[in-house]
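Participant: model-v6.txt is the file, holding compact mmCIF, C-alpha atoms:
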# COMPACT_ATOMS: atom_id res chain seq x y z
CA MET O 1 -29.00 68.33 -26.16
CA ASP O 2 -32.46 69.89 -26.10
CA VAL O 3 -33.18 71.73 -29.37
CA LEU O 4 -34.30 74.98 -27.75
CA GLU O 5 -31.29 75.00 -25.43
CA ALA O 6 -28.95 74.49 -28.39
CA LYS O 7 -30.62 77.31 -30.31
CA GLU O 8 -30.26 79.67 -27.35
CA ILE O 9 -26.57 78.82 -27.03
CA VAL O 10 -26.01 79.53 -30.74
CA ILE O 11 -27.78 82.88 -30.41
CA ARG O 12 -25.69 83.81 -27.36
CA ALA O 13 -22.53 82.71 -29.15
CA GLY O 14 -23.35 84.90 -32.13
CA LYS O 15 -23.77 88.00 -29.99
CA GLU O 16 -20.65 87.34 -27.92
CA LEU O 17 -18.47 86.55 -30.92
CA LEU O 18 -19.76 89.67 -32.67
CA LYS O 19 -18.85 91.77 -29.64
CA SER O 20 -15.37 90.21 -29.49
CA GLY O 21 -14.71 90.92 -33.19
CA LEU O 22 -14.14 87.28 -34.09
CA ILE O 23 -17.16 87.55 -36.39
CA VAL O 24 -18.43 90.65 -38.17
CA ARG O 25 -21.82 91.56 -39.65
CA THR O 26 -23.46 88.32 -40.82
CA TRP O 27 -20.20 86.71 -41.93
CA GLY O 28 -19.28 83.29 -40.66
CA ASN O 29 -21.68 80.78 -39.11
CA ILE O 30 -22.23 78.91 -35.87
CA SER O 31 -23.71 75.51 -35.07
CA CYS O 32 -24.38 73.16 -32.15
CA ARG O 33 -24.90 69.39 -32.24
CA ILE O 34 -28.21 68.23 -30.77
CA SER O 35 -27.86 64.49 -31.42
CA ASP O 36 -25.88 61.91 -33.35
CA THR O 37 -27.94 62.79 -36.43
CA GLN O 38 -28.75 66.52 -36.24
CA PHE O 39 -27.38 69.96 -35.42
CA VAL O 40 -28.74 73.50 -35.33
CA ILE O 41 -27.09 76.30 -37.31
CA THR O 42 -27.41 80.02 -38.00
CA PRO O 43 -29.46 81.05 -41.06
CA SER O 44 -28.08 82.48 -44.27
CA GLY O 45 -27.67 86.26 -44.49
CA MET O 46 -29.30 87.24 -41.17
CA ALA O 47 -27.73 89.62 -38.64
CA TYR O 48 -26.64 87.95 -35.42
CA GLU O 49 -28.40 90.68 -33.42
CA ASP O 50 -31.72 89.67 -35.00
CA LEU O 51 -31.54 85.93 -34.36
CA THR O 52 -34.38 84.21 -32.50
CA PRO O 53 -34.94 80.50 -31.81
CA ASP O 54 -37.34 80.41 -34.77
CA THR O 55 -34.56 81.54 -37.14
CA ILE O 56 -32.05 78.86 -36.10
CA VAL O 57 -32.34 75.89 -38.47
CA VAL O 58 -32.24 72.18 -37.61
CA VAL O 59 -30.10 70.29 -40.17
CA ASN O 60 -29.53 66.57 -40.69
CA ILE O 61 -25.88 65.53 -40.51
CA ALA O 62 -26.18 62.74 -43.10
CA ASP O 63 -27.46 64.79 -46.06
CA CYS O 64 -27.75 68.44 -44.89
CA SER O 65 -31.51 68.36 -45.41
CA TYR O 66 -33.72 70.65 -43.33
CA GLU O 67 -37.35 71.63 -42.92
CA GLY O 68 -39.00 75.04 -43.12
CA ASP O 69 -38.66 78.19 -45.21
CA ILE O 70 -35.56 79.62 -43.52
CA LYS O 71 -32.36 78.64 -45.30
CA PRO O 72 -29.45 77.49 -43.15
CA SER O 73 -25.95 78.83 -43.75
CA SER O 74 -24.53 77.94 -47.13
CA GLU O 75 -21.58 76.38 -45.28
CA LYS O 76 -23.79 73.83 -43.48
CA GLY O 77 -21.92 71.05 -45.28
CA ILE O 78 -18.69 71.93 -43.46
CA HIS O 79 -20.45 71.78 -40.10
CA ALA O 80 -22.10 68.46 -41.00
CA GLY O 81 -18.74 67.05 -42.05
CA CYS O 82 -17.11 68.13 -38.80
CA TYR O 83 -19.80 66.44 -36.71
CA ALA O 84 -19.64 63.27 -38.79
CA MET O 85 -15.85 63.08 -38.59
CA ARG O 86 -15.39 64.13 -34.97
CA PRO O 87 -17.86 62.48 -32.55
CA ASP O 88 -16.31 64.48 -29.69
CA VAL O 89 -17.18 67.79 -31.36
CA ASN O 90 -20.47 69.39 -30.34
CA PHE O 91 -19.91 72.99 -31.40
CA VAL O 92 -18.49 74.50 -34.62
CA ILE O 93 -17.65 78.12 -35.35
CA HIS O 94 -16.70 79.26 -38.86
CA THR O 95 -15.08 82.69 -38.74
CA HIS O 96 -13.46 85.18 -41.07
CA GLN O 97 -11.23 86.40 -38.24
CA LYS O 98 -8.40 88.63 -39.37
CA ASN O 99 -5.11 86.96 -38.49
CA ALA O 100 -6.31 83.47 -39.36
CA SER O 101 -7.63 84.72 -42.71
CA VAL O 102 -4.25 86.31 -43.44
CA VAL O 103 -2.24 83.17 -42.67
CA GLY O 104 -4.73 81.05 -44.61
CA THR O 105 -3.78 82.87 -47.82
CA LEU O 106 -0.23 81.54 -47.56
CA GLY O 107 -1.17 77.89 -48.01
CA LEU O 108 1.07 76.86 -45.11
CA ASP O 109 0.26 74.69 -42.12
CA ILE O 110 1.20 76.11 -38.74
CA ASN O 111 3.44 73.64 -36.92
CA ASN O 112 5.21 73.44 -33.58
CA ILE O 113 2.59 75.34 -31.59
CA MET O 114 3.63 75.35 -27.95
CA GLY O 115 2.43 76.34 -24.50
CA LYS O 116 -1.13 77.11 -23.48
CA ASP O 117 -2.33 77.58 -27.05
CA ALA O 118 -1.11 74.08 -27.95
CA GLU O 119 -3.21 72.74 -25.07
CA ILE O 120 -6.25 74.53 -26.54
CA ILE O 121 -5.79 73.89 -30.27
CA GLY O 122 -3.20 71.18 -30.65
CA ASP O 123 0.43 71.37 -31.76
CA ASN O 124 -0.43 72.21 -35.38
CA VAL O 125 -3.12 73.84 -37.52
CA PRO O 126 -3.63 72.51 -41.07
CA VAL O 127 -4.65 74.65 -44.03
CA ALA O 128 -7.50 73.46 -46.25
CA ALA O 129 -7.34 73.72 -50.04
CA TYR O 130 -9.38 76.52 -51.58
CA GLY O 131 -12.89 76.15 -52.88
CA LEU O 132 -15.52 78.72 -53.79
CA PRO O 133 -17.83 79.63 -50.87
CA GLY O 134 -20.69 77.22 -50.33
CA THR O 135 -19.30 74.52 -52.62
CA GLY O 136 -18.53 70.86 -52.17
CA LYS O 137 -14.92 71.60 -53.05
CA LEU O 138 -14.60 73.93 -50.08
CA ARG O 139 -16.18 71.33 -47.78
CA GLN O 140 -13.89 68.58 -49.07
CA GLY O 141 -10.83 70.75 -48.55
CA VAL O 142 -11.74 71.27 -44.90
CA MET O 143 -12.46 67.58 -44.38
CA ASP O 144 -9.14 66.59 -45.95
CA ALA O 145 -7.29 69.06 -43.71
CA LEU O 146 -8.95 67.75 -40.56
CA LYS O 147 -8.24 64.15 -41.56
CA ARG O 148 -4.49 64.76 -41.49
CA SER O 149 -4.51 66.48 -38.10
CA ASP O 150 -6.08 66.15 -34.67
CA SER O 151 -6.17 69.94 -34.39
CA LYS O 152 -9.31 71.67 -33.18
CA ALA O 153 -8.92 74.33 -35.88
CA ALA O 154 -8.28 74.48 -39.59
CA LEU O 155 -7.39 77.44 -41.78
CA MET O 156 -9.43 77.80 -44.97
CA ALA O 157 -7.31 79.06 -47.85
CA HIS O 158 -8.38 82.54 -49.01
CA HIS O 159 -11.46 82.35 -46.79
CA GLY O 160 -11.25 82.07 -42.99
CA ALA O 161 -11.13 79.37 -40.35
CA VAL O 162 -13.17 76.65 -38.70
CA CYS O 163 -12.91 76.10 -34.94
CA LEU O 164 -14.19 73.04 -33.10
CA GLY O 165 -15.05 72.29 -29.51
CA ALA O 166 -16.82 69.96 -27.16
CA ASP O 167 -19.01 72.95 -26.33
CA TYR O 168 -19.30 76.66 -27.12
CA ASP O 169 -16.75 77.74 -24.51
CA GLU O 170 -14.09 75.45 -25.96
CA ALA O 171 -14.80 76.42 -29.57
CA LYS O 172 -14.57 80.11 -28.66
CA ALA O 173 -11.29 79.51 -26.81
CA VAL O 174 -9.96 77.78 -29.94
CA ALA O 175 -10.89 80.79 -32.11
CA GLU O 176 -9.21 83.19 -29.69
CA ALA O 177 -6.08 81.05 -29.47
CA LEU O 178 -5.94 80.77 -33.24
CA GLU O 179 -5.67 84.56 -33.59
CA ARG O 180 -2.74 84.62 -31.19
CA VAL O 181 -1.03 81.72 -32.94
CA CYS O 182 -1.45 83.33 -36.36
CA GLU O 183 -0.08 86.66 -35.14
CA ARG O 184 3.01 84.93 -33.74
CA PHE O 185 3.39 83.05 -37.03
CA LEU O 186 3.59 86.35 -38.95
CA VAL O 187 5.81 88.09 -36.40
CA ALA O 188 8.26 85.16 -36.32
CA ARG O 189 8.63 85.35 -40.10
CA ALA O 190 9.28 89.08 -39.92
CA CYS O 191 12.02 88.49 -37.36
CA GLU O 192 13.53 85.83 -39.60
CA VAL O 193 13.66 87.88 -42.80
CA SER O 194 14.53 91.22 -41.20
CA GLY O 195 17.04 90.07 -38.61
CA GLN O 196 15.29 92.44 -36.21
CA ALA O 197 13.61 91.84 -32.86
CA ILE O 198 9.96 92.37 -33.75
CA ASP O 199 7.29 91.54 -31.19
CA ALA O 200 4.00 92.74 -32.70
CA LEU O 201 2.24 93.26 -36.04
CA GLY O 202 2.96 96.97 -35.86
CA GLY O 203 6.66 96.17 -36.10
CA VAL O 204 5.97 93.97 -39.12
CA VAL O 205 4.30 96.90 -40.86
CA ASP O 206 7.20 99.21 -39.99
CA TYR O 207 9.69 96.73 -41.44
CA LEU O 208 7.79 96.28 -44.71
CA THR O 209 7.21 100.02 -45.03
CA ALA O 210 10.96 100.50 -44.89
CA VAL O 211 11.38 97.81 -47.57
CA PHE O 212 8.79 99.38 -49.88
CA THR O 213 10.13 102.93 -49.54
CA SER O 214 13.76 101.87 -50.06
CA ASP O 215 12.95 100.62 -53.56
CA PRO O 216 14.83 102.84 -56.08
CA LYS O 217 11.57 103.16 -58.06
CA TYR O 218 9.63 104.45 -55.06
CA LYS O 219 8.33 107.99 -55.46
CA ALA O 220 6.56 109.42 -52.47
CA ALA O 221 3.18 111.07 -52.86
CA LYS O 222 2.16 113.96 -50.64
CA GLU O 223 0.21 112.74 -47.63
CA PHE O 224 -3.05 114.36 -46.57
CA ALA O 225 -5.58 114.05 -43.78
CA PRO O 226 -8.28 111.39 -44.21
CA CYS O 227 -11.85 112.57 -44.63
CA ASP O 228 -15.15 110.73 -44.71
CA SER O 229 -18.15 111.99 -46.65
CA THR O 230 -21.82 111.35 -47.26
CA ARG O 231 -24.09 112.35 -50.13
CA LYS O 232 -27.44 113.94 -49.25
CA GLY O 233 -29.55 114.95 -52.21
CA GLY O 234 -27.60 117.31 -54.44
CA TYR O 235 -24.88 117.91 -51.88
CA PHE O 236 -22.24 115.98 -50.00
CA TYR O 237 -20.80 116.56 -46.54
CA VAL O 238 -17.05 116.06 -46.19
CA GLY O 239 -14.69 116.47 -43.26
CA GLU O 240 -12.11 114.87 -41.04
CA PRO O 241 -13.54 112.49 -38.44
CA GLY O 242 -14.60 114.43 -35.34
CA LYS O 243 -14.62 117.80 -37.11
CA ASP O 244 -17.41 119.84 -38.69
CA ALA O 245 -18.08 118.95 -42.32
CA ALA O 246 -18.05 121.27 -45.29
CA ILE O 247 -21.12 121.06 -47.54
CA ILE O 248 -20.30 120.84 -51.25
CA ASP O 249 -22.63 121.11 -54.23
CA THR O 250 -22.28 117.81 -56.10
CA LYS O 251 -22.98 119.36 -59.49
CA SER O 252 -20.58 122.32 -59.35
CA GLY O 253 -18.15 121.29 -56.62
CA ALA O 254 -18.67 124.65 -54.92
CA TRP O 255 -18.82 125.17 -51.16
CA VAL O 256 -22.37 125.97 -50.04
CA GLY O 257 -22.26 125.73 -46.25
CA GLY O 258 -21.04 124.01 -43.14
CA SER O 259 -17.42 124.35 -42.11
CA PRO O 260 -15.60 127.03 -44.13
CA GLU O 261 -12.47 124.88 -43.94
CA ILE O 262 -12.64 122.80 -47.10
CA PRO O 263 -10.49 119.65 -46.81
CA ASP O 264 -7.65 119.10 -49.27
CA SER O 265 -9.37 115.94 -50.48
CA ALA O 266 -12.81 117.49 -51.13
CA ASP O 267 -12.20 117.35 -54.91
CA LEU O 268 -11.32 113.68 -54.55
CA HIS O 269 -14.71 112.91 -53.00
CA TRP O 270 -16.43 115.17 -55.53
CA ALA O 271 -14.87 113.33 -58.48
CA ILE O 272 -16.15 110.00 -57.15
CA TYR O 273 -19.68 111.27 -56.49
CA LYS O 274 -19.79 112.79 -59.98
CA LYS O 275 -18.70 109.52 -61.59
CA ARG O 276 -20.65 107.08 -59.40
CA GLU O 277 -24.33 107.82 -58.77
CA ASP O 278 -24.59 104.61 -56.74
CA VAL O 279 -22.12 105.89 -54.13
CA ASN O 280 -23.53 107.71 -51.11
CA PHE O 281 -20.75 107.14 -48.57
CA ILE O 282 -16.97 107.34 -48.77
CA ARG O 283 -14.69 106.25 -45.93
CA HIS O 284 -10.99 106.97 -46.03
CA SER O 285 -9.01 104.25 -44.27
CA LYS O 286 -5.52 105.18 -43.15
CA ASN O 287 -4.88 102.26 -40.84
CA GLU O 288 -1.27 101.12 -40.81
CA PHE O 289 -1.83 98.13 -43.10
CA ALA O 290 -3.69 100.11 -45.77
CA VAL O 291 -1.08 102.86 -45.75
CA ALA O 292 1.78 100.35 -45.99
CA ILE O 293 0.27 98.59 -49.01
CA SER O 294 -0.61 101.91 -50.67
CA ARG O 295 3.09 102.81 -50.56
CA LYS O 296 3.80 100.01 -53.04
CA GLY O 297 1.78 101.89 -55.65
CA LYS O 298 0.51 98.65 -57.21
CA LYS O 299 -2.88 97.08 -57.73
CA MET O 300 -4.14 94.55 -55.19
CA ARG O 301 -5.15 91.14 -56.45
CA PRO O 302 -7.62 88.93 -54.56
CA LEU O 303 -6.00 86.98 -51.75
CA LEU O 304 -9.34 86.67 -49.93
CA ASP O 305 -12.70 85.80 -51.43
CA ASP O 306 -14.60 88.45 -49.44
CA PHE O 307 -12.19 91.00 -50.95
CA ALA O 308 -13.25 89.86 -54.43
CA GLN O 309 -16.89 90.03 -53.39
CA LEU O 310 -17.06 93.38 -51.60
CA CYS O 311 -14.12 95.38 -52.96
CA GLY O 312 -13.64 94.11 -56.51
CA PRO O 313 -11.77 91.44 -58.47
CA THR O 314 -8.74 93.73 -58.30
CA VAL O 315 -8.22 97.10 -56.63
CA LYS O 316 -6.03 99.66 -58.38
CA CYS O 317 -3.77 102.32 -56.89
CA ALA O 318 -3.59 105.94 -58.01
CA ALA O 319 -1.92 109.05 -56.62
CA PHE O 320 -3.82 112.12 -55.45
CA SER O 321 -2.06 115.44 -55.01
CA PRO O 322 -3.49 118.23 -52.83
CA ASP O 323 -1.50 120.60 -55.07
CA ASN O 324 -3.25 119.45 -58.25
CA THR O 325 -6.55 118.32 -56.83
CA LEU O 326 -8.96 118.19 -59.75
CA LYS O 327 -6.72 116.40 -62.25
CA THR O 328 -5.44 113.82 -59.80
CA ALA O 329 -8.91 113.37 -58.25
CA LYS O 330 -10.24 112.30 -61.65
CA LYS O 331 -7.38 109.79 -61.96
CA VAL O 332 -8.33 108.20 -58.63
CA ALA O 333 -12.00 108.09 -59.66
CA ARG O 334 -11.04 106.34 -62.91
CA ALA O 335 -8.89 103.88 -60.96
CA LEU O 336 -11.86 103.14 -58.70
CA GLY O 337 -13.96 102.24 -61.74
CA LYS O 338 -16.93 100.10 -60.77
CA ASN O 339 -15.24 98.70 -57.68
CA ASN O 340 -15.88 99.62 -54.07
CA ALA O 341 -12.32 100.41 -53.07
CA VAL O 342 -9.25 102.11 -54.45
CA LEU O 343 -5.76 102.55 -53.01
CA VAL O 344 -4.48 106.13 -52.84
CA LYS O 345 -0.69 106.20 -53.14
CA ASP O 346 0.88 106.62 -49.68
CA ASN O 347 -2.52 107.46 -48.21
CA GLY O 348 -4.35 104.21 -47.55
CA ALA O 349 -7.65 103.35 -49.21
CA LEU O 350 -10.97 104.90 -50.12
CA CYS O 351 -13.93 102.60 -49.43
CA VAL O 352 -17.21 103.48 -51.12
CA ALA O 353 -20.76 102.13 -50.98
CA ASP O 354 -24.43 103.00 -51.21
CA SER O 355 -24.81 103.22 -47.41
CA GLU O 356 -22.65 103.91 -44.39
CA TYR O 357 -23.19 100.36 -43.16
CA ASN O 358 -21.90 98.88 -46.41
CA ALA O 359 -19.01 101.36 -46.61
CA GLU O 360 -17.92 100.17 -43.16
CA ALA O 361 -18.06 96.59 -44.44
CA VAL O 362 -15.83 97.45 -47.40
CA GLU O 363 -13.41 99.19 -45.05
CA HIS O 364 -13.28 96.14 -42.78
CA VAL O 365 -12.55 93.81 -45.71
CA MET O 366 -9.91 96.18 -47.15
CA ASP O 367 -8.19 96.24 -43.78
CA LYS O 368 -8.09 92.44 -43.74
CA ALA O 369 -6.99 92.29 -47.39
CA CYS O 370 -4.13 94.70 -46.72
CA ARG O 371 -3.07 92.53 -43.78
CA ALA O 372 -3.11 89.56 -46.16
CA ALA O 373 -0.96 91.49 -48.63
CA VAL O 374 1.53 92.19 -45.84
CA GLY O 375 1.64 88.48 -45.07
CA ALA O 376 2.16 87.63 -48.73
CA ASP O 377 5.11 90.02 -48.92
CA LEU O 378 6.64 88.55 -45.76
CA TYR O 379 6.55 85.04 -47.16
CA ASP O 380 6.96 86.00 -50.83
CA ARG O 381 3.93 83.78 -51.57
CA VAL O 382 1.39 85.65 -53.67
CA GLY O 383 -1.09 82.91 -54.51
CA CYS O 384 -4.13 84.85 -55.66
CA ILE O 385 -7.62 83.54 -56.33
CA ASN O 386 -8.21 82.65 -59.96
CA PRO O 387 -9.33 85.84 -61.80
CA ILE O 388 -12.36 84.11 -63.33
CA GLU O 389 -13.47 82.87 -59.91
CA ALA O 390 -12.90 86.34 -58.44
CA ARG O 391 -15.11 87.96 -61.08
CA LEU O 392 -17.73 85.25 -60.61
CA MET O 393 -17.86 85.84 -56.85
CA ARG O 394 -18.12 89.59 -57.39
CA PHE O 395 -21.03 89.12 -59.83
CA ILE O 396 -22.90 86.71 -57.57
CA TYR O 397 -22.38 88.89 -54.52
CA GLN O 398 -23.69 92.00 -56.24
CA LYS O 399 -26.70 90.24 -57.71
CA LYS O 400 -27.61 88.02 -54.77
CA TYR O 401 -26.33 89.62 -51.60
CA SER O 402 -25.94 93.36 -52.23
CA LYS O 403 -29.33 94.09 -50.67
CA LYS O 404 -28.58 92.01 -47.60
CA ALA O 405 -26.51 92.88 -44.56
CA GLY O 406 -23.80 90.43 -45.62
CA LYS O 407 -23.22 86.90 -46.72
Please lay out the structure from this file as structure tokens.
Facilitator:
Amino acid sequence: MDVLEAKEIVIRAGKELLKSGLIVRTWGNISCRISDTQFVITPSGMAYEDLTPDTIVVVNIADCSYEGDIKPSSEKGIHAGCYAMRPDVNFVIHTHQKNASVVGTLGLDINNIMGKDAEIIGDNVPVAAYGLPGTGKLRQGVMDALKRSDSKAALMAHHGAVCLGADYDEAKAVAEALERVCERFLVARACEVSGQAIDALGGVVDYLTAVFTSDPKYKAAKEFAPCDSTRKGGYFYVGEPGKDAAIIDTKSGAWVGGSPEIPDSADLHWAIYKKREDVNFIRHSKNEFAVAISRKGKKMRPLLDDFAQLCGPTVKCAAFSPDNTLKTAKKVARALGKNNAVLVKDNGALCVADSEYNAEAVEHVMDKACRAAVGADLYDRVGCINPIEARLMRFIYQKKYSKKAGK
């Protein structure tokens, strides 16, 4: 294929996959074969919206060498391995798509795929052994998984998925089918363990919520409305989404303007801003997965490597009471520590960052991590990332990537 044509296809793929939600921010990577010896791939750490032909890198399949000052994706070795192993593959998409990432944490192959999705992917999807991002171990795990299957997709333990195709359209179809297959995989398990007729992930969450709250040790915390906030100078603005915000003095915690209706959780946001000068945005996620996991009242350990990177090596859970706001707010702030997320008992998760863009990223990863925790509970398989590796990834991410849009 002509180099410029291949680069244009990769750019179009990035924008379309971003719009579909199969990739987010700069996460994942995309490549297209241009010959028996070379392929083009997205650069490291650059937003898909900003890609131009000059930013797409030509890489040699044999040794992953490249020319120029722009670095290709750190996962170029996986793409090179796929092209070397599968002569019929001309397009590779590496995603961190939600359902596939969740199933990948379980360490289980998906077998007996049937129907249209089997025609697209194959009758099974193997899971690759875990390796730290960008390492030879990760590449080897993917290669080993693909060697034992003729599938056009492979799950990457604790990481994401790789989807292969003869062209972009086929690789995209594989990624879309993989999400459907992984959702059915989780729903089928929920039906099996519950004895109930469950047909969607929402029913899975309802079932596990009932399990968590039926525990004799479960003590419900008072629920409250989620609020987002932003720090501006010596003040912060806090309010429920879609409503006017109250303006609070960060030093004193006193109301100084805006909406006269001060949210129940204003002290919670205040305690975090007082403790963390690096935090300028707080997003309160109360999606069904985050709320379900917060009902357990336990810390989250890293099932996904982007959780370790963006949220923290572990994320604690603490209760906040609107009836005892200041004391319990300080407890949540202490539980947050130096991390970027904290579970609030029965109330989802607070996601914090230096900018709104990065707070949204933390929220996205927490959502996926809570989905993974749901999957782990369904299968009773809590195989977490090694704590030392989790701390290492967190350190490297903060030092190397915290100023970028993503990884």
Participant: Take CA of Tyr235 (chain O) and CA of Asp249 (chain O) and report the distance between them in Å, one decimal.
Facilitator: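 Between CA of Tyr235 (chain O) and CA of Asp249 (chain O) the gap works out to 4.6 Å.
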Participant: Which residues, written as an MDAnalysis selection string, have at least one atom at most 7 Å from region 225-230 of chain O, with all atoms listed in the file counted and residues fewer than 4 positions away on the same chain left out?
Facilitator: chainID O and resid 236:241 280:284 286
Participant: Can you tell me, as a ChimeraX atom specification, what residues are no more than 7 Å from region 31-48 of chain O when counting only C-alpha atoms, ignoring any on the same chain fewer than 6 positions away?
Facilitator: /O:1-3,6-7,10,14-15,25,55-62,70-74,90-93,404-407
Participant: Those selected residues, please, written with C-alpha atoms and delivered as a CSV table (one decimal), in the frame of the given file.
Facilitator:
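Now in selection19.csv:
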chain,number,residue,atom,x,y,z
O,1,MET,CA,-29.0,68.3,-26.2
O,2,ASP,CA,-32.5,69.9,-26.1
O,3,VAL,CA,-33.2,71.7,-29.4
O,6,ALA,CA,-29.0,74.5,-28.4
O,7,LYS,CA,-30.6,77.3,-30.3
O,10,VAL,CA,-26.0,79.5,-30.7
O,14,GLY,CA,-23.4,84.9,-32.1
O,15,LYS,CA,-23.8,88.0,-30.0
O,25,ARG,CA,-21.8,91.6,-39.6
O,55,THR,CA,-34.6,81.5,-37.1
O,56,ILE,CA,-32.0,78.9,-36.1
O,57,VAL,CA,-32.3,75.9,-38.5
O,58,VAL,CA,-32.2,72.2,-37.6
O,59,VAL,CA,-30.1,70.3,-40.2
O,60,ASN,CA,-29.5,66.6,-40.7
O,61,ILE,CA,-25.9,65.5,-40.5
O,62,ALA,CA,-26.2,62.7,-43.1
O,70,ILE,CA,-35.6,79.6,-43.5
O,71,LYS,CA,-32.4,78.6,-45.3
O,72,PRO,CA,-29.4,77.5,-43.2
O,73,SER,CA,-26.0,78.8,-43.8
O,74,SER,CA,-24.5,77.9,-47.1
O,90,ASN,CA,-20.5,69.4,-30.3
O,91,PHE,CA,-19.9,73.0,-31.4
O,92,VAL,CA,-18.5,74.5,-34.6
O,93,ILE,CA,-17.6,78.1,-35.4
O,404,LYS,CA,-28.6,92.0,-47.6
O,405,ALA,CA,-26.5,92.9,-44.6
O,406,GLY,CA,-23.8,90.4,-45.6
O,407,LYS,CA,-23.2,86.9,-46.7
Participant: Which value, in Å to one decimal, gives the distance between CA of Gln140 (chain O) and CA of Gly68 (chain O)?
Facilitator: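 Calculated distance between CA of Gln140 (chain O) and CA of Gly68 (chain O) is 26.6 Å.
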Participant: Measuring between only C-alpha atoms, which one of O:Ala80, O:Phe307, O:Ser214, O:Gly203 shows the shortest distance to Ser65 (chain O)?
Facilitator: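 Closest residue, counting only C-alpha atoms: O:Ala80.
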Participant: So how far away is CA of Ala376 (chain O) from CA of Lys147 (chain O), in Å?
Facilitator: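 Spanning CA of Lys147 (chain O) to CA of Ala376 (chain O) is a straight-line distance of 26.7 Å.
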Participant: Can you work out which one of O:Trp27, O:Phe289, O:Tyr83, O:Tyr168 has the shortest atom-to-atom distance to His96 (chain O), counting only C-alpha atoms?
Facilitator: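 Nearest candidate to His96 (chain O) out of O:Trp27, O:Phe289, O:Tyr83, O:Tyr168: O:Trp27.
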Participant: Nearest residue to Asp206 (chain O) out of O:Val142, O:Ala359, O:Ala175, O:Val374, using all atoms listed in the file?
Facilitator: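 Among the listed residues, the smallest separation from Asp206 (chain O) belongs to O:Val374.
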Participant: Determine, counting only C-alpha atoms, which protein, DNA and RNA residues have an atom within 10 Å of an atom of Ala129 (chain O); residues of the same chain fewer than 6 positions away are not included. Present the result as a list in words.
Facilitator: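 Near neighbours after the sequence-gap exclusion: Gly104, Gly107, Lys137, Leu138, Arg139, Gln140, Gly141, Val142, Met143, Asp144, Ala145, Leu155, Met156, Ala157 and His158 of chain O.
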Participant: Which of these residues is nearest to Val187 (chain O), using only C-alpha atoms: O:Tyr207, O:Lys399, O:Ala171, O:Gly297?
Facilitator: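 The answer is O:Tyr207, which sits nearest to Val187 (chain O).
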Participant: Name the closest residue to Ala200 (chain O) among the candidates O:Leu326, O:Leu350, O:Ala188, O:Leu178; distances are taken between atoms, counting only C-alpha atoms.
Facilitator: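 Using only C-alpha atoms, Ala200 (chain O) sits closest to O:Ala188.
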Participant: Determine the nearest neighbour of Gln398 (chain O) from the options O:Thr250, O:Gln309, O:Ser355, O:Ser259, counting all atoms listed in the file.
Facilitator: O:Gln309
Participant: How close does each residue of region 182-230 of chain O get to region 110-128 of chain O, giving the shortest atom pair and distance in Å to one decimal for every residue with an atom at most 10 Å away, counting only C-alpha atoms, sorted by chain and residue number, as CSV?
Facilitator:
residue,atom,partner,partner_atom,distance
O:Cys182,CA,O:Ile110,CA,8.1
O:Arg184,CA,O:Ile113,CA,9.8
O:Phe185,CA,O:Ile110,CA,7.5
Participant: What does the file look like for those residues with C-alpha atoms, as an mmCIF file, in the coordinates of the input?
Facilitator:
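Wrote it out as again-v8.cif, contents follow:
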data_model
loop_
_atom_site.group_PDB
_atom_site.id
_atom_site.type_symbol
_atom_site.label_atom_id
_atom_site.label_comp_id
_atom_site.auth_asym_id
_atom_site.auth_seq_id
_atom_site.Cartn_x
_atom_site.Cartn_y
_atom_site.Cartn_z
ATOM 1 C CA CYS O 182 -1.450 83.330 -36.360
ATOM 2 C CA ARG O 184 3.010 84.930 -33.740
ATOM 3 C CA PHE O 185 3.390 83.050 -37.030
#
Participant: Mind listing whatever residues come within 10 Å of the point (-10.0, 109.4, -61.6)? Use all atoms listed in the file, file coordinates, and give them as a PyMOL selection string.
Facilitator: chain O and resi 268+271-272+275+318-320+326-337
Participant: Compute the distance from (-19.3, 86.3, -50.3) to each atom, counting all atoms listed in the file, keep the residues with any atom at most 10 Å away, and return them as a short mmCIF file (atom, residue, chain, number, x, y, z; two decimals) with C-alpha atoms, in the frame of the given file; use the coordinates of the file.
Facilitator:
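And here's part-v5.cif as it stands now:
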data_model
loop_
_atom_site.label_atom_id
_atom_site.label_comp_id
_atom_site.auth_asym_id
_atom_site.auth_seq_id
_atom_site.Cartn_x
_atom_site.Cartn_y
_atom_site.Cartn_z
CA TRP O 27 -20.20 86.71 -41.93
CA LEU O 132 -15.52 78.72 -53.79
CA PRO O 133 -17.83 79.63 -50.87
CA GLY O 134 -20.69 77.22 -50.33
CA HIS O 159 -11.46 82.35 -46.79
CA LEU O 304 -9.34 86.67 -49.93
CA ASP O 305 -12.70 85.80 -51.43
CA ASP O 306 -14.60 88.45 -49.44
CA PHE O 307 -12.19 91.00 -50.95
CA ALA O 308 -13.25 89.86 -54.43
CA GLN O 309 -16.89 90.03 -53.39
CA LEU O 310 -17.06 93.38 -51.60
CA MET O 393 -17.86 85.84 -56.85
CA ARG O 394 -18.12 89.59 -57.39
CA ILE O 396 -22.90 86.71 -57.57
CA TYR O 397 -22.38 88.89 -54.52
CA GLN O 398 -23.69 92.00 -56.24
CA LYS O 400 -27.61 88.02 -54.77
CA TYR O 401 -26.33 89.62 -51.60
CA SER O 402 -25.94 93.36 -52.23
CA GLY O 406 -23.80 90.43 -45.62
CA LYS O 407 -23.22 86.90 -46.72
#
Participant: Name the residues in contact with Leu208 (chain O) at a cut-off of 9 Å, using all atoms listed in the file, excluding same-chain residues fewer than 6 positions from it; report them as an NGL selection string.
Facilitator: :O and (190 or 292-293 or 374 or 377-378)
